[in-house]
$ cat final_19.pdb   # PDB, C-alpha atoms
MODEL        1
ATOM      1  CA  MET R1377     138.623  -3.324 -30.401
ATOM      2  CA  ARG R1378     140.114  -5.858 -27.969
ATOM      3  CA  ALA R1379     140.962  -8.278 -30.779
ATOM      4  CA  SER R1380     142.797  -5.506 -32.617
ATOM      5  CA  ARG R1381     144.707  -4.631 -29.437
ATOM      6  CA  LEU R1382     145.721  -8.265 -28.868
ATOM      7  CA  MET R1383     147.052  -8.446 -32.411
ATOM      8  CA  SER R1384     148.997  -5.223 -31.869
ATOM      9  CA  ILE R1385     150.565  -6.654 -28.721
ATOM     10  CA  LEU R1386     151.503  -9.831 -30.578
ATOM     11  CA  LEU R1387     153.148  -7.856 -33.374
ATOM     12  CA  LEU R1388     154.965  -5.722 -30.819
ATOM     13  CA  LEU R1389     156.370  -8.863 -29.194
ATOM     14  CA  GLN R1390     157.534 -10.045 -32.627
ATOM     15  CA  THR R1391     159.378  -6.820 -33.423
ATOM     16  CA  ARG R1392     161.144  -6.449 -30.072
ATOM     17  CA  ASP R1393     163.209  -8.861 -28.037
ATOM     18  CA  ARG R1394     161.482  -7.816 -24.825
ATOM     19  CA  VAL R1395     158.788  -5.297 -23.814
ATOM     20  CA  THR R1396     157.483  -4.204 -20.438
ATOM     21  CA  ALA R1397     153.826  -3.818 -19.544
ATOM     22  CA  GLN R1398     154.431  -0.083 -19.101
ATOM     23  CA  GLU R1399     155.798   0.237 -22.650
ATOM     24  CA  VAL R1400     152.830  -1.605 -24.120
ATOM     25  CA  ALA R1401     150.379   0.490 -22.099
ATOM     26  CA  ARG R1402     151.984   3.724 -23.312
ATOM     27  CA  LEU R1403     152.063   2.697 -26.974
ATOM     28  CA  LEU R1404     148.493   1.399 -27.081
ATOM     29  CA  GLU R1405     147.064   4.027 -24.714
ATOM     30  CA  VAL R1406     145.605   1.577 -22.199
ATOM     31  CA  SER R1407     146.206   0.854 -18.514
ATOM     32  CA  VAL R1408     148.948  -1.483 -17.272
ATOM     33  CA  ARG R1409     146.254  -3.664 -15.706
ATOM     34  CA  THR R1410     144.656  -4.063 -19.156
ATOM     35  CA  VAL R1411     148.033  -5.164 -20.555
ATOM     36  CA  TYR R1412     148.330  -7.827 -17.841
ATOM     37  CA  ARG R1413     144.882  -9.183 -18.765
ATOM     38  CA  ASP R1414     145.735  -9.140 -22.469
ATOM     39  CA  MET R1415     148.959 -11.081 -21.892
ATOM     40  CA  GLU R1416     146.992 -13.722 -19.993
ATOM     41  CA  SER R1417     144.509 -13.930 -22.881
ATOM     42  CA  LEU R1418     147.310 -14.423 -25.417
ATOM     43  CA  SER R1419     148.817 -17.181 -23.287
ATOM     44  CA  ALA R1420     145.414 -18.870 -22.912
ATOM     45  CA  ALA R1421     145.038 -18.780 -26.714
ATOM     46  CA  GLY R1422     148.244 -20.800 -27.118
ATOM     47  CA  ILE R1423     150.656 -17.940 -27.863
ATOM     48  CA  PRO R1424     153.977 -18.729 -26.112
ATOM     49  CA  VAL R1425     154.257 -15.483 -24.129
ATOM     50  CA  TYR R1426     156.777 -15.591 -21.286
ATOM     51  CA  GLY R1427     156.933 -12.981 -18.513
ATOM     52  CA  GLU R1428     160.190 -12.259 -16.670
ATOM     53  CA  PRO R1429     159.928 -10.485 -13.305
ATOM     54  CA  GLY R1430     162.298  -7.877 -11.932
ATOM     55  CA  HIS R1431     163.806  -4.546 -13.005
ATOM     56  CA  GLU R1432     165.222  -6.024 -16.224
ATOM     57  CA  GLY R1433     162.167  -8.171 -16.855
ATOM     58  CA  GLY R1434     159.337  -7.958 -19.323
ATOM     59  CA  TYR R1435     157.441 -10.049 -21.834
ATOM     60  CA  ARG R1436     158.882 -11.990 -24.764
ATOM     61  CA  LEU R1437     157.883 -14.710 -27.247
ATOM     62  CA  LEU R1438     159.497 -18.134 -26.929
ATOM     63  CA  GLY R1439     160.807 -20.466 -29.590
ATOM     64  CA  GLY R1440     160.976 -17.956 -32.456
ATOM     65  CA  PHE R1441     157.184 -17.845 -32.699
ATOM     66  CA  ARG R1442     155.961 -15.832 -35.716
ATOM     67  CA  THR R1443     152.598 -14.796 -37.124
ATOM     68  CA  ARG R1444     151.679 -13.019 -40.353
ATOM     69  CA  LEU R1445     148.691 -11.124 -38.935
ATOM     70  CA  ASN R1446     149.948  -7.819 -40.288
ATOM     71  CA  GLY R1447     147.273  -6.663 -42.747
ATOM     72  CA  LEU R1448     146.454  -2.964 -42.390
ATOM     73  CA  THR R1449     142.923  -1.830 -41.617
ATOM     74  CA  ALA R1450     141.463   1.124 -43.532
ATOM     75  CA  ASP R1451     142.123   3.513 -40.636
ATOM     76  CA  GLU R1452     145.699   2.276 -40.297
ATOM     77  CA  ALA R1453     146.339   2.708 -44.007
ATOM     78  CA  ASP R1454     144.929   6.246 -43.782
ATOM     79  CA  SER R1455     147.312   7.043 -40.920
ATOM     80  CA  LEU R1456     150.507   5.946 -42.699
ATOM     81  CA  PHE R1457     151.518   9.529 -43.515
ATOM     82  CA  LEU R1458     151.497  10.363 -39.771
ATOM     83  CA  THR R1459     153.832   7.592 -38.617
ATOM     84  CA  GLY R1460     156.736  10.048 -38.352
ATOM     85  CA  LEU R1461     154.668  12.629 -36.431
ATOM     86  CA  PRO R1462     153.472  11.056 -33.185
ATOM     87  CA  GLY R1463     152.542  14.430 -31.704
ATOM     88  CA  ALA R1464     150.380  15.355 -34.684
ATOM     89  CA  ALA R1465     148.792  11.911 -34.677
ATOM     90  CA  ALA R1466     147.885  12.305 -31.006
ATOM     91  CA  ASP R1467     146.365  15.744 -31.706
ATOM     92  CA  LEU R1468     144.143  14.152 -34.345
ATOM     93  CA  GLY R1469     143.134  11.310 -32.027
ATOM     94  CA  LEU R1470     145.099   8.771 -34.057
ATOM     95  CA  GLY R1471     147.909   7.966 -31.630
ATOM     96  CA  ALA R1472     146.874   4.362 -31.021
ATOM     97  CA  VAL R1473     146.081   3.789 -34.715
ATOM     98  CA  VAL R1474     149.512   5.069 -35.761
ATOM     99  CA  ALA R1475     151.215   2.877 -33.141
ATOM    100  CA  ALA R1476     149.386  -0.188 -34.503
ATOM    101  CA  THR R1477     150.297   0.804 -38.061
ATOM    102  CA  GLN R1478     153.984   1.052 -37.199
ATOM    103  CA  LEU R1479     153.913  -2.348 -35.541
ATOM    104  CA  LYS R1480     152.346  -3.992 -38.590
ATOM    105  CA  VAL R1481     154.777  -2.361 -40.999
ATOM    106  CA  MET R1482     157.735  -3.366 -38.820
ATOM    107  CA  SER R1483     156.526  -6.943 -38.471
ATOM    108  CA  ALA R1484     156.242  -7.275 -42.254
ATOM    109  CA  LEU R1485     159.900  -6.314 -42.790
ATOM    110  CA  PRO R1486     162.721  -8.859 -43.040
ATOM    111  CA  ASP R1487     164.902  -9.072 -39.931
ATOM    112  CA  GLU R1488     167.733  -6.977 -41.394
ATOM    113  CA  LEU R1489     165.456  -4.155 -42.561
ATOM    114  CA  ARG R1490     163.541  -4.231 -39.278
ATOM    115  CA  ASP R1491     166.815  -3.757 -37.385
ATOM    116  CA  ARG R1492     167.782  -0.824 -39.644
ATOM    117  CA  ALA R1493     164.369   0.811 -39.193
ATOM    118  CA  GLY R1494     164.623   0.333 -35.441
ATOM    119  CA  ARG R1495     168.038   1.997 -35.332
ATOM    120  CA  LEU R1496     166.748   4.955 -37.352
ATOM    121  CA  ALA R1497     163.756   5.371 -35.043
ATOM    122  CA  ALA R1498     166.078   5.291 -32.034
ATOM    123  CA  ARG R1499     168.412   7.968 -33.439
ATOM    124  CA  PHE R1500     166.172  10.442 -35.285
ATOM    125  CA  HIS R1501     163.229  12.352 -33.843
ATOM    126  CA  LEU R1502     161.117  15.002 -35.587
ATOM    127  CA  ASP R1503     159.773  17.774 -33.325
ATOM    128  CA  SER R1504     157.489  20.059 -35.335
ATOM    129  CA  GLU R1505     156.949  22.671 -32.620
ATOM    130  CA  SER R1506     158.925  25.914 -32.484
ATOM    131  CA  TRP R1507     161.097  27.026 -29.571
ATOM    132  CA  TYR R1508     159.658  29.122 -26.743
ATOM    133  CA  SER R1509     156.027  28.783 -27.815
ATOM    134  CA  GLU R1510     153.094  27.208 -26.051
ATOM    135  CA  HIS R1511     151.240  24.364 -27.697
ATOM    136  CA  ASP R1512     147.913  25.508 -29.122
ATOM    137  CA  SER R1513     144.806  24.263 -27.356
ATOM    138  CA  ALA R1514     142.570  23.117 -30.218
ATOM    139  CA  PRO R1515     139.573  21.256 -28.773
ATOM    140  CA  HIS R1516     137.773  21.283 -32.142
ATOM    141  CA  LEU R1517     140.665  19.745 -34.094
ATOM    142  CA  SER R1518     139.286  16.209 -34.148
ATOM    143  CA  ALA R1519     135.876  17.369 -35.438
ATOM    144  CA  VAL R1520     137.502  19.543 -38.105
ATOM    145  CA  ALA R1521     139.778  16.681 -39.204
ATOM    146  CA  ASN R1522     136.769  14.386 -39.461
ATOM    147  CA  ALA R1523     134.945  16.932 -41.630
ATOM    148  CA  VAL R1524     138.014  17.362 -43.851
ATOM    149  CA  TRP R1525     138.385  13.614 -44.342
ATOM    150  CA  HIS R1526     134.690  12.915 -44.986
ATOM    151  CA  GLU R1527     134.227  16.085 -47.084
ATOM    152  CA  ARG R1528     131.505  17.645 -44.952
ATOM    153  CA  ARG R1529     130.756  21.366 -44.741
ATOM    154  CA  LEU R1530     131.318  23.233 -41.478
ATOM    155  CA  HIS R1531     129.329  25.988 -39.787
ATOM    156  CA  LEU R1532     131.423  27.784 -37.166
ATOM    157  CA  ARG R1533     131.947  30.854 -35.048
ATOM    158  CA  TYR R1534     135.487  32.209 -35.274
ATOM    159  CA  LEU R1535     137.496  34.734 -33.265
ATOM    160  CA  ARG R1536     139.671  36.899 -35.512
ATOM    161  CA  TRP R1537     141.922  39.923 -34.985
ATOM    162  CA  GLU R1538     139.855  42.389 -37.020
ATOM    163  CA  GLN R1539     136.544  43.977 -36.098
ATOM    164  CA  PRO R1540     134.037  42.487 -35.719
ATOM    165  CA  GLN R1541     136.153  39.926 -33.923
ATOM    166  CA  VAL R1542     133.537  37.167 -33.707
ATOM    167  CA  VAL R1543     132.247  36.082 -37.115
ATOM    168  CA  THR R1544     130.062  33.229 -38.350
ATOM    169  CA  ARG R1545     131.111  31.272 -41.423
ATOM    170  CA  THR R1546     129.890  28.281 -43.432
ATOM    171  CA  LEU R1547     132.953  26.639 -44.959
ATOM    172  CA  ASP R1548     133.982  23.951 -47.405
ATOM    173  CA  PRO R1549     137.019  22.406 -45.643
ATOM    174  CA  LEU R1550     139.891  21.632 -48.024
ATOM    175  CA  GLY R1551     142.750  20.534 -45.777
ATOM    176  CA  LEU R1552     144.670  20.788 -42.506
ATOM    177  CA  VAL R1553     148.178  22.197 -42.052
ATOM    178  CA  LEU R1554     150.479  21.823 -39.033
ATOM    179  CA  LYS R1555     152.850  24.806 -38.912
ATOM    180  CA  ALA R1556     155.347  25.178 -36.035
ATOM    181  CA  GLY R1557     153.050  23.368 -33.609
ATOM    182  CA  GLN R1558     149.910  25.263 -34.677
ATOM    183  CA  TRP R1559     147.037  23.691 -36.634
ATOM    184  CA  TYR R1560     145.347  25.599 -39.479
ATOM    185  CA  LEU R1561     142.241  24.842 -41.521
ATOM    186  CA  VAL R1562     142.298  25.735 -45.207
ATOM    187  CA  ALA R1563     138.739  26.180 -46.442
ATOM    188  CA  ALA R1564     136.690  27.738 -49.228
ATOM    189  CA  VAL R1565     134.109  30.394 -48.324
ATOM    190  CA  ASP R1566     132.127  32.480 -50.784
ATOM    191  CA  GLY R1567     134.302  31.282 -53.646
ATOM    192  CA  ARG R1568     137.605  32.217 -51.971
ATOM    193  CA  VAL R1569     140.161  30.004 -50.223
ATOM    194  CA  ARG R1570     140.956  31.232 -46.706
ATOM    195  CA  THR R1571     143.017  30.069 -43.722
ATOM    196  CA  TYR R1572     141.717  29.676 -40.159
ATOM    197  CA  ARG R1573     143.666  28.915 -36.991
ATOM    198  CA  ILE R1574     141.970  25.941 -35.325
ATOM    199  CA  SER R1575     142.558  27.213 -31.779
ATOM    200  CA  ARG R1576     140.503  30.354 -32.563
ATOM    201  CA  ILE R1577     137.353  28.411 -33.453
ATOM    202  CA  ILE R1578     134.797  29.143 -30.720
ATOM    203  CA  ASP R1579     132.304  26.436 -31.669
ATOM    204  CA  LEU R1580     131.332  24.503 -34.777
ATOM    205  CA  ARG R1581     128.779  22.187 -36.277
ATOM    206  CA  VAL R1582     129.460  19.588 -38.959
ATOM    207  CA  LEU R1583     126.736  19.819 -41.594
ATOM    208  CA  ASP R1584     125.206  16.933 -43.481
ATOM    209  CA  GLU R1585     126.226  18.570 -46.759
ATOM    210  CA  THR R1586     129.021  17.550 -49.097
ATOM    211  CA  ALA R1587     131.880  20.040 -49.238
ATOM    212  CA  CYS R1588     132.909  21.409 -52.623
ATOM    213  CA  CYS R1589     136.615  21.433 -53.496
ATOM    214  CA  PRO R1590     137.892  23.512 -56.454
ATOM    215  CA  ALA R1591     139.069  21.192 -59.215
ATOM    216  CA  ASP R1592     142.500  22.862 -59.424
ATOM    217  CA  PHE R1593     143.136  23.150 -55.662
ATOM    218  CA  GLU R1594     146.417  21.690 -54.359
ATOM    219  CA  LEU R1595     147.080  22.062 -50.628
ATOM    220  CA  THR R1596     150.894  22.177 -50.674
ATOM    221  CA  GLY R1597     151.016  24.772 -53.439
ATOM    222  CA  TYR R1598     148.343  26.907 -51.793
ATOM    223  CA  TRP R1599     150.175  26.894 -48.455
ATOM    224  CA  ARG R1600     153.474  27.924 -50.053
ATOM    225  CA  GLU R1601     151.789  30.870 -51.805
ATOM    226  CA  TYR R1602     149.890  31.763 -48.644
ATOM    227  CA  LEU R1603     153.113  32.063 -46.613
ATOM    228  CA  GLU R1604     154.694  34.261 -49.259
ATOM    229  CA  SER R1605     151.675  36.555 -49.445
ATOM    230  CA  PHE R1606     151.414  36.627 -45.642
ATOM    231  CA  ASP R1607     154.943  38.001 -45.365
ATOM    232  CA  ARG R1608     154.185  40.638 -48.008
ATOM    233  CA  ARG R1609     151.010  41.719 -46.194
ATOM    234  CA  ARG R1610     152.646  41.649 -42.762
ATOM    235  CA  LEU R1611     155.869  43.528 -43.561
ATOM    236  CA  ARG R1612     154.508  46.731 -45.105
ATOM    237  CA  GLN R1613     157.007  49.172 -43.590
ATOM    238  CA  ALA R1614     160.793  49.369 -43.459
ATOM    239  CA  ALA R1615     163.535  50.693 -41.201
ATOM    240  CA  THR R1616     167.107  51.606 -42.079
ATOM    241  CA  LEU R1617     169.768  50.311 -39.678
ATOM    242  CA  ARG R1618     173.520  50.130 -39.325
ATOM    243  CA  MET R1619     174.602  46.670 -38.173
ATOM    244  CA  SER R1620     177.827  45.380 -36.721
ATOM    245  CA  PRO R1621     179.420  42.329 -38.384
ATOM    246  CA  LEU R1622     178.377  40.107 -35.458
ATOM    247  CA  VAL R1623     174.680  41.104 -35.521
ATOM    248  CA  PHE R1624     174.608  40.944 -39.322
ATOM    249  CA  ASP R1625     175.846  37.346 -39.232
ATOM    250  CA  ARG R1626     173.433  36.401 -36.431
ATOM    251  CA  MET R1627     170.276  37.908 -37.953
ATOM    252  CA  PRO R1628     168.636  34.441 -38.366
ATOM    253  CA  GLU R1629     168.608  34.222 -34.547
ATOM    254  CA  TYR R1630     166.544  37.409 -34.287
ATOM    255  CA  PHE R1631     164.252  37.560 -37.324
ATOM    256  CA  ASP R1632     162.059  35.435 -39.580
ATOM    257  CA  PRO R1633     163.662  34.008 -42.743
ATOM    258  CA  ALA R1634     161.747  36.446 -44.998
ATOM    259  CA  VAL R1635     163.052  39.422 -42.993
ATOM    260  CA  VAL R1636     166.611  38.109 -42.994
ATOM    261  CA  GLN R1637     166.580  37.516 -46.736
ATOM    262  CA  ALA R1638     165.256  41.006 -47.518
ATOM    263  CA  ALA R1639     167.736  42.647 -45.123
ATOM    264  CA  ARG R1640     170.730  40.822 -46.565
ATOM    265  CA  GLU R1641     169.706  41.566 -50.131
ATOM    266  CA  SER R1642     169.551  45.272 -49.257
ATOM    267  CA  ALA R1643     172.890  45.348 -47.421
ATOM    268  CA  GLY R1644     175.511  47.815 -48.574
ATOM    269  CA  ALA R1645     179.257  47.279 -48.580
ATOM    270  CA  PRO R1646     180.872  47.086 -45.112
ATOM    271  CA  ASP R1647     182.651  50.214 -43.864
ATOM    272  CA  ALA R1648     186.145  50.300 -42.389
ATOM    273  CA  HIS R1649     184.859  48.646 -39.194
ATOM    274  CA  GLY R1650     182.723  46.052 -40.961
ATOM    275  CA  TRP R1651     179.375  47.751 -40.256
ATOM    276  CA  ARG R1652     176.719  47.617 -42.987
ATOM    277  CA  GLU R1653     173.644  49.692 -43.740
ATOM    278  CA  ILE R1654     170.556  47.520 -44.318
ATOM    279  CA  THR R1655     166.837  47.957 -44.922
ATOM    280  CA  LEU R1656     164.825  45.907 -42.419
ATOM    281  CA  PRO R1657     161.175  45.069 -43.253
ATOM    282  CA  ILE R1658     158.900  45.732 -40.234
ATOM    283  CA  GLU R1659     155.203  45.420 -39.447
ATOM    284  CA  SER R1660     155.020  48.718 -37.535
ATOM    285  CA  VAL R1661     157.133  50.949 -35.319
ATOM    286  CA  ASP R1662     155.490  49.504 -32.183
ATOM    287  CA  ARG R1663     156.354  45.934 -33.142
ATOM    288  CA  ALA R1664     159.844  46.903 -34.313
ATOM    289  CA  VAL R1665     160.895  48.449 -30.977
ATOM    290  CA  PRO R1666     161.392  45.171 -29.021
ATOM    291  CA  ASP R1667     162.929  43.491 -32.083
ATOM    292  CA  VAL R1668     165.556  46.210 -32.484
ATOM    293  CA  LEU R1669     166.231  46.430 -28.748
ATOM    294  CA  ARG R1670     167.266  42.768 -28.821
ATOM    295  CA  LEU R1671     170.151  43.733 -31.086
ATOM    296  CA  GLY R1672     171.697  45.852 -28.322
ATOM    297  CA  ALA R1673     174.654  48.045 -29.194
ATOM    298  CA  GLY R1674     175.266  46.032 -32.347
ATOM    299  CA  ALA R1675     172.749  48.076 -34.351
ATOM    300  CA  GLU R1676     171.797  51.725 -34.843
ATOM    301  CA  VAL R1677     168.461  52.904 -36.256
ATOM    302  CA  LEU R1678     168.880  55.574 -38.928
ATOM    303  CA  ALA R1679     165.245  55.803 -40.054
ATOM    304  CA  PRO R1680     162.365  56.284 -39.520
ATOM    305  CA  ASN R1681     162.995  58.979 -36.949
ATOM    306  CA  GLU R1682     160.070  57.813 -34.774
ATOM    307  CA  LEU R1683     161.666  54.418 -34.317
ATOM    308  CA  ARG R1684     165.074  55.976 -33.623
ATOM    309  CA  GLU R1685     163.571  58.203 -30.920
ATOM    310  CA  ARG R1686     161.686  55.311 -29.315
ATOM    311  CA  ILE R1687     164.867  53.220 -29.147
ATOM    312  CA  ALA R1688     166.749  56.186 -27.652
ATOM    313  CA  GLU R1689     164.042  56.599 -24.980
ATOM    314  CA  HIS R1690     164.236  52.952 -23.990
ATOM    315  CA  ALA R1691     168.043  52.965 -23.983
ATOM    316  CA  GLY R1692     168.079  56.119 -21.836
ATOM    317  CA  ALA R1693     165.600  54.644 -19.353
ATOM    318  CA  MET R1694     167.663  51.458 -19.087
ATOM    319  CA  GLY R1695     170.819  53.508 -18.566
ATOM    320  CA  ARG R1696     169.228  55.458 -15.712
ATOM    321  CA  ILE R1697     168.103  52.220 -14.038
ATOM    322  CA  TYR R1698     171.555  50.617 -14.186
ATOM    323  CA  ARG R1699     173.417  53.792 -13.212
ATOM    324  CA  ALA R1700     171.191  54.091 -10.150
TER
ENDMDL
END

$ encode --input "final_19.pdb" --output "structure tokens"
Amino acid sequence: MRASRLMSILLLLQTRDRVTAQEVARLLEVSVRTVYRDMESLSAAGIPVYGEPGHEGGYRLLGGFRTRLNGLTADEADSLFLTGLPGAAADLGLGAVVAATQLKVMSALPDELRDRAGRLAARFHLDSESWYSEHDSAPHLSAVANAVWHERRLHLRYLRWEQPQVVTRTLDPLGLVLKAGQWYLVAAVDGRVRTYRISRIIDLRVLDETACCPADFELTGYWREYLESFDRRRLRQAATLRMSPLVFDRMPEYFDPAVVQAARESAGAPDAHGWREITLPIESVDRAVPDVLRLGAGAEVLAPNELRERIAEHAGAMGRIYRA
């Protein structure tokens, strides 16, 4: 472990003009004191490491020193697909492995390509989490990922929305999906492929049994079909609204893409004032009330009557509060 860390530090020094102990500690997930000891070890081994004190100081290699110790380990090769997702890598317990992988790849590049890659990394950042949502706490993620990778069956207790809420399942894990900051397990159970939110796993046990994967299963294709079917199952009702031009144009700010697409496809021709009549897919009247209220005076519910009355009640109550 220490030898691997020393090599990572050496490669980091090769790919950057100067690094601080704090930067190294953050990248390799160790203490600053450990970095100081590692730098001393590199110097004792004959590596020309030079430390500069002060606010603008740091460590650098002298005399254009180079090494070709950049071969990837098996774990580092496995983590290549996560090098653009540091948050996901950390969730899976692979943060340090991914950092070492990036260093080795960078050190293997010619100077010009390394500079280009460095500029890209400095100017583009991928944040996979959605706005205004809390990050899922998924304490069992690492164990699930390990079972997925080593093709081991899982026995778990799971909290679901339906009754009975707590169920026990023995699963054949097929893959993991990160969607808007939430982790999902795709698994086969009783001959059917199902999806489970990792944060809702109560407890689990990895079995010493080989998981079975359907011969024709393809994770990306399954997930695309799952999202489409989820929208169909979720949006079983509809409401008819009149929308102002402004709200009609800004629908993507208020609704999911599937809802926006269906509403726009149903839109009639604008009237003399630009208002359009649309059909809005909804889960239920209860869930539609806050969604429609967000539209303010830029929308009017025409049907169903229950939703129209609920919106009128809320609008009346708000009016009484502000008039008072």

$ residues_around --input "final_19.pdb" --residues "Val1665 of chain R" --least-positions-apart "6" --cutoff "12 Å" --atoms "only C-alpha atoms" --output "list of chain:residue names"
R:Ala1615, R:Ile1658, R:Glu1659, R:Leu1671, R:Gly1672, R:Val1677, R:Pro1680, R:Glu1682, R:Leu1683, R:Arg1684, R:Glu1685, R:Arg1686, R:Ile1687, R:Ala1688, R:Glu1689, R:His1690, R:Ala1691

$ atom_distance --input "final_19.pdb" --atom1 "atom CA of Ser1620 of chain R" --atom2 "atom CA of Arg1608 of chain R"
26.6 Å

$ residues_around --input "final_19.pdb" --residues "Glu1585 of chain R" --least-positions-apart "6" --cutoff "12 Å" --atoms "all atoms listed in the file" --output "PyMOL selection string"
chain R and resi 1523+1526-1531+1546-1549

$ atom_distance --input "final_19.pdb" --atom1 "atom CA of Thr1571 of chain R" --atom2 "atom CA of Ala1634 of chain R"
19.8 Å

$ closest_residue --input "final_19.pdb" --among "R:Val1411, R:Val1623, R:Val1569, R:Leu1611" --to "Arg1670 of chain R" --atoms "all atoms listed in the file"
R:Val1623

$ residues_around --input "final_19.pdb" --residues "Val1408 of chain R" --least-positions-apart "6" --cutoff "9 Å" --atoms "only C-alpha atoms" --output "PyMOL selection string"
chain R and resi 1397-1402

$ write_last_selection --input "final_19.pdb" --atoms "C-alpha atoms" --output "PDB file, keeping the file's coordinate frame"
ATOM      1  CA  ALA R1397     153.826  -3.818 -19.544  1.00  0.00           C
ATOM      2  CA  GLN R1398     154.431  -0.083 -19.101  1.00  0.00           C
ATOM      3  CA  GLU R1399     155.798   0.237 -22.650  1.00  0.00           C
ATOM      4  CA  VAL R1400     152.830  -1.605 -24.120  1.00  0.00           C
ATOM      5  CA  ALA R1401     150.379   0.490 -22.099  1.00  0.00           C
ATOM      6  CA  ARG R1402     151.984   3.724 -23.312  1.00  0.00           C
TER       7      ARG R1402
END

$ residues_near_point --input "final_19.pdb" --point "(133.3, 29.6, -30.8)" --cutoff "12 Å" --atoms "only C-alpha atoms" --output "list in words"
Ala1514, Pro1515, His1516, His1531, Leu1532, Arg1533, Tyr1534, Leu1535, Arg1536, Gln1541, Val1542, Val1543, Thr1544, Arg1545, Ile1574, Ser1575, Arg1576, Ile1577, Ile1578, Asp1579, Leu1580 and Arg1581 of chain R

$ residues_around --input "final_19.pdb" --residues "segment 1412-1416 of chain R" --least-positions-apart "6" --cutoff "10 Å" --atoms "all atoms listed in the file" --output "PyMOL selection string"
chain R and resi 1378-1379+1381-1382+1385-1386+1397-1398+1400-1401+1423+1425-1427+1435

$ closest_residue --input "final_19.pdb" --among "R:Leu1403, R:Ala1521, R:Leu1595, R:Val1395" --to "Glu1432 of chain R" --atoms "only C-alpha atoms"
R:Val1395

$ atom_distance --input "final_19.pdb" --atom1 "atom CA of Ala1679 of chain R" --atom2 "atom CA of Thr1616 of chain R"
5.0 Å

$ closest_residue --input "final_19.pdb" --among "R:Leu1583, R:Met1619, R:Ala1648, R:Val1553" --to "Ala1675 of chain R" --atoms "all atoms listed in the file"
R:Met1619

$ resolve_selection --input "final_19.pdb" --expression "the PyMOL selection byres ((chain R and resi 1561) around 8)" --output "PyMOL selection string"
chain R and resi 1520+1549-1553+1559-1560+1562-1563+1571-1574

$ resolve_selection --input "final_19.pdb" --expression "the PyMOL selection byres ((chain R and resi 1636) around 12)" --output "list in words"
Asp1607, Val1623, Phe1624, Asp1625, Arg1626, Met1627, Pro1628, Glu1629, Tyr1630, Phe1631, Asp1632, Pro1633, Ala1634, Val1635, Gln1637, Ala1638, Ala1639, Arg1640, Glu1641, Ser1642, Ala1643, Ile1654, Thr1655, Leu1656, Pro1657 and Ile1658 of chain R

$ closest_residue --input "final_19.pdb" --among "R:Ala1421, R:Arg1436, R:Gly1430, R:Ala1645" --to "Leu1389 of chain R" --atoms "only C-alpha atoms"
R:Arg1436

$ residues_near_point --input "final_19.pdb" --point "(180.2, 43.8, -38.9)" --cutoff "6 Å" --atoms "only C-alpha atoms" --output "list in words"
Ser1620, Pro1621, Leu1622, Gly1650 and Trp1651 of chain R

$ write_last_selection --input "final_19.pdb" --atoms "C-alpha atoms" --output "tab-separated table (two decimals), keeping the file's coordinate frame"
chain	number	residue	atom	x	y	z
R	1620	SER	CA	177.83	45.38	-36.72
R	1621	PRO	CA	179.42	42.33	-38.38
R	1622	LEU	CA	178.38	40.11	-35.46
R	1650	GLY	CA	182.72	46.05	-40.96
R	1651	TRP	CA	179.38	47.75	-40.26
